[in-house]
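First the structure, in the form of structure tokens, and then the observations on it.
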Amino acid sequence: MNMNKMISKCPVCNSNLKITTLHCNECGLELKNDFEQSIFDKLSSENYSFLLEFLRCQGNLKLLQDTLGISYPLVKRKLNDLLVALEIKSIDNQVQDTSEWTVNKMSTKASDIIKSKFMECDGIVNIETSSGKFFEVNADDISIGSETALHKVRYEYRVFDYITELLMQHGGQARKGAGRNARLGEPNCTDDTIVGVIGKKYYNKKDGEYTFDPVFILVAIMEWAGIVNNKRGYVELTEEYKTKIGW
């Protein structure tokens with residue numbers, strides 16, 4: 001016997017529905033009360049189907065990607081949507097939807113180039129740093145951090161333009177610098193270092209103030225986008241990017 005799928009929202013006012021009657025088809029018993037629906041009953045058909053496939057694949061996202069025939073970033077987005085629907089994850093941590101982004105493909109700005117790369121990857125990528133570590137980077141501005149991190153650090157795309165401006169001002173390369181336990185203006189945290197520029201232009205810090213040091217991952221993103229080569233202690237513009245800007 002075909003049975004209609006239970007709905008959780010009122011089709012008139014969109015309020016939550018309650019189950020008030022349970023009926024046994026065998027003996028005709030009826031129980032009347034206010035029965036709460038489980039959170040699984042409230043899933044959309046799309047989320048419910050994805051959950052079943054996720055369980056069939058025993059949580060293996062690569063296998064899930066192959067089974068559904070979709071990209072890995074899209075699998076991650078669907079998993080994020082499911083976790084939000086199950087109230088395991090807040091909506092603030094969802095993967096950014098880049099489907100309605102518009103970027104000038106002819107732009108030579110680092111921020112636009114990186115945005116375009118994120119659009120090609122459905123808004124989420126795994127970036128490898130020079131130390132061999134992988135970080136999941138979300139296109140929601142730039143959200144940096146692992147799923148288990150105590151917090152995520154977010155950057156607006158303009159931070160990449162500040163870095164490329166510095167490189168161009170210094171012949172195509174600049175020292176990375178170091179901001180950990182260092183104050184702006186100290187030898188490894190000066191205006192001609194990447195960490196110094198981020199501290200002053202992005203964070204609006206002044207000499208003598210401490211700043212945050214995000215260089216290792218921001219530079220890794222720029223290298224992934226083909227804008228810089230990440231060298232030991234310094235960064236240089238790639239030949240590809242210099243050709244693009246006619247330099």
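Every chain in the structure tokens takes a letter, A first, then B, and so on in the order presented; its residues are numbered from 1, and the ligands are numbered from 1 following the presented order.
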
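Listed by chain and then by rising number, the residues of range 147-241 of chain A that DSSP assigns to alpha helix (DSSP H) from the backbone are A:Arg158, A:Val159, A:Phe160, A:Asp161, A:Tyr162, A:Ile163, A:Thr164, A:Glu165, A:Leu166, A:Leu167, A:Met168, A:Gln169, A:Ile194, A:Val195, A:Gly196, A:Val197, A:Val215, A:Phe216, A:Ile217, A:Leu218, A:Val219, A:Ala220, A:Ile221, A:Met222, A:Glu223, A:Trp224, A:Glu239, A:Glu240, A:Tyr241.
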
- Task: May I have all residues of range 18-93 of chain A that DSSP, computed from the backbone, assigns to strand (DSSP E or B), given as a VMD selection string?
- Result: chain A and resid 19 to 23 30 to 35

If you keep N, CA and C atoms, can you produce a file of those selected residues as a compact mmCIF listing (two decimals), in the first residue's frame?
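Everything below was put into out21.txt:
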# COMPACT_ATOMS: atom_id res chain seq x y z
N ILE A 19 1.62 15.60 15.44
CA ILE A 19 0.85 14.37 15.26
C ILE A 19 -0.10 14.25 16.44
N THR A 20 -1.39 14.09 16.17
CA THR A 20 -2.37 14.01 17.27
C THR A 20 -3.02 12.64 17.38
N THR A 21 -2.89 11.81 16.33
CA THR A 21 -3.53 10.49 16.36
C THR A 21 -2.61 9.43 15.77
N LEU A 22 -2.48 8.30 16.48
CA LEU A 22 -1.79 7.12 15.97
C LEU A 22 -2.82 6.02 15.79
N HIS A 23 -2.82 5.43 14.62
CA HIS A 23 -3.85 4.44 14.28
C HIS A 23 -3.21 3.11 13.89
N GLU A 30 -6.71 3.41 18.30
CA GLU A 30 -6.28 4.79 18.07
C GLU A 30 -5.79 5.40 19.36
N LEU A 31 -4.65 6.05 19.29
CA LEU A 31 -4.10 6.79 20.43
C LEU A 31 -4.11 8.26 20.07
N LYS A 32 -4.67 9.07 20.95
CA LYS A 32 -4.75 10.51 20.69
C LYS A 32 -3.91 11.25 21.73
N ASN A 33 -3.06 12.12 21.25
CA ASN A 33 -2.20 12.93 22.11
C ASN A 33 -1.49 13.93 21.21
N ASP A 34 -0.64 14.78 21.78
CA ASP A 34 0.23 15.63 20.98
C ASP A 34 1.59 14.96 20.90
N PHE A 35 1.89 14.33 19.77
CA PHE A 35 3.15 13.64 19.58
C PHE A 35 4.10 14.52 18.77

- Any idea what's packed within 12 Å of Gly199 in chain A, counting only C-alpha atoms, ignoring anything in its chain fewer than 3 positions away? Could you give it as a PyMOL selection string? chain A and resi 159+162-163+177-180+182-185+189-196+202-215

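Counting from CA of Leu237 in chain A, the distance to CA of Arg154 in chain A is 23.9 Å.
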
- Item | Residues within 12 Å of Tyr48 in chain A, only C-alpha atoms, excluding chain neighbours under 4 positions, as a PyMOL selection string | chain A and resi 5+39-44+52-55+78-79+81-83+85-86

Would you put the residues from that selection into a file with N, CA and C atoms, as a compact mmCIF listing (two decimals), in the first residue's frame?
# COMPACT_ATOMS: atom_id res chain seq x y z
N LYS A 5 4.00 10.65 2.25
CA LYS A 5 5.05 11.05 3.17
C LYS A 5 4.50 12.09 4.14
N ILE A 39 13.38 15.11 14.56
CA ILE A 39 14.06 16.04 13.66
C ILE A 39 14.25 15.42 12.28
N PHE A 40 14.30 14.08 12.22
CA PHE A 40 14.44 13.39 10.94
C PHE A 40 13.17 13.50 10.11
N ASP A 41 12.03 13.54 10.79
CA ASP A 41 10.75 13.69 10.08
C ASP A 41 10.64 15.06 9.40
N LYS A 42 11.41 16.01 9.89
CA LYS A 42 11.31 17.38 9.37
C LYS A 42 12.26 17.64 8.20
N LEU A 43 13.07 16.63 7.84
CA LEU A 43 14.00 16.80 6.73
C LEU A 43 13.27 16.92 5.41
N SER A 44 13.81 17.74 4.52
CA SER A 44 13.27 17.80 3.17
C SER A 44 13.57 16.48 2.47
N LEU A 52 20.41 9.09 3.52
CA LEU A 52 20.41 7.65 3.27
C LEU A 52 21.65 7.24 2.46
N GLU A 53 21.99 8.03 1.43
CA GLU A 53 23.17 7.71 0.63
C GLU A 53 24.44 7.87 1.45
N PHE A 54 24.48 8.88 2.32
CA PHE A 54 25.63 9.09 3.20
C PHE A 54 25.84 7.87 4.09
N LEU A 55 24.76 7.33 4.62
CA LEU A 55 24.86 6.15 5.49
C LEU A 55 25.24 4.91 4.69
N LYS A 78 26.13 19.80 0.34
CA LYS A 78 24.95 19.04 0.72
C LYS A 78 25.07 18.51 2.14
N LEU A 79 26.28 18.10 2.53
CA LEU A 79 26.50 17.63 3.89
C LEU A 79 26.30 18.78 4.88
N ASP A 81 24.38 21.40 4.43
CA ASP A 81 22.94 21.66 4.47
C ASP A 81 22.23 20.66 5.39
N LEU A 82 22.65 19.40 5.30
CA LEU A 82 22.05 18.35 6.15
C LEU A 82 22.34 18.61 7.61
N LEU A 83 23.59 18.96 7.92
CA LEU A 83 23.97 19.21 9.31
C LEU A 83 23.22 20.40 9.90
N ALA A 85 20.19 21.35 8.85
CA ALA A 85 18.82 20.89 8.99
C ALA A 85 18.64 20.03 10.25
N LEU A 86 19.69 19.28 10.61
CA LEU A 86 19.64 18.44 11.81
C LEU A 86 20.04 19.21 13.06

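Checking A:Tyr155, A:Trp101, A:Phe160, A:Tyr72 one by one against Ile124 in chain A, counting only C-alpha atoms, you find the shortest gap at A:Tyr72.
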
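Straight-line separation from CA of Lys200 in chain A to CA of Asn181 in chain A: 16.1 Å.
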
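Residues surrounding Tyr157 in chain A within 9 Å are Ala110, Ser111, Asp112, Ile114, Lys115, Asp141 and Ile142 of chain A [only C-alpha atoms; sequence separation below 6 positions excluded].
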
- Message: Between A:Leu74, A:Asn80, A:Leu218, A:Pro187, which residue has the minimum interatomic distance to Glu120 in chain A, considering only C-alpha atoms?
- Response: A:Leu74

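Distances from A:Ser15, A:Gln37, A:Ser107, A:Gln65 to Asp161 in chain A were compared using only C-alpha atoms, and the smallest one belongs to A:Ser107.
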
- Grab the CA of Gly123 in chain A to CA of Arg56 in chain A distance for me, in Å with one decimal place. 25.8 Å

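Among the candidates A:Cys13, A:Leu63, A:Val219, A:Leu68, the one nearest to Tyr234 in chain A when counting only C-alpha atoms is A:Val219.
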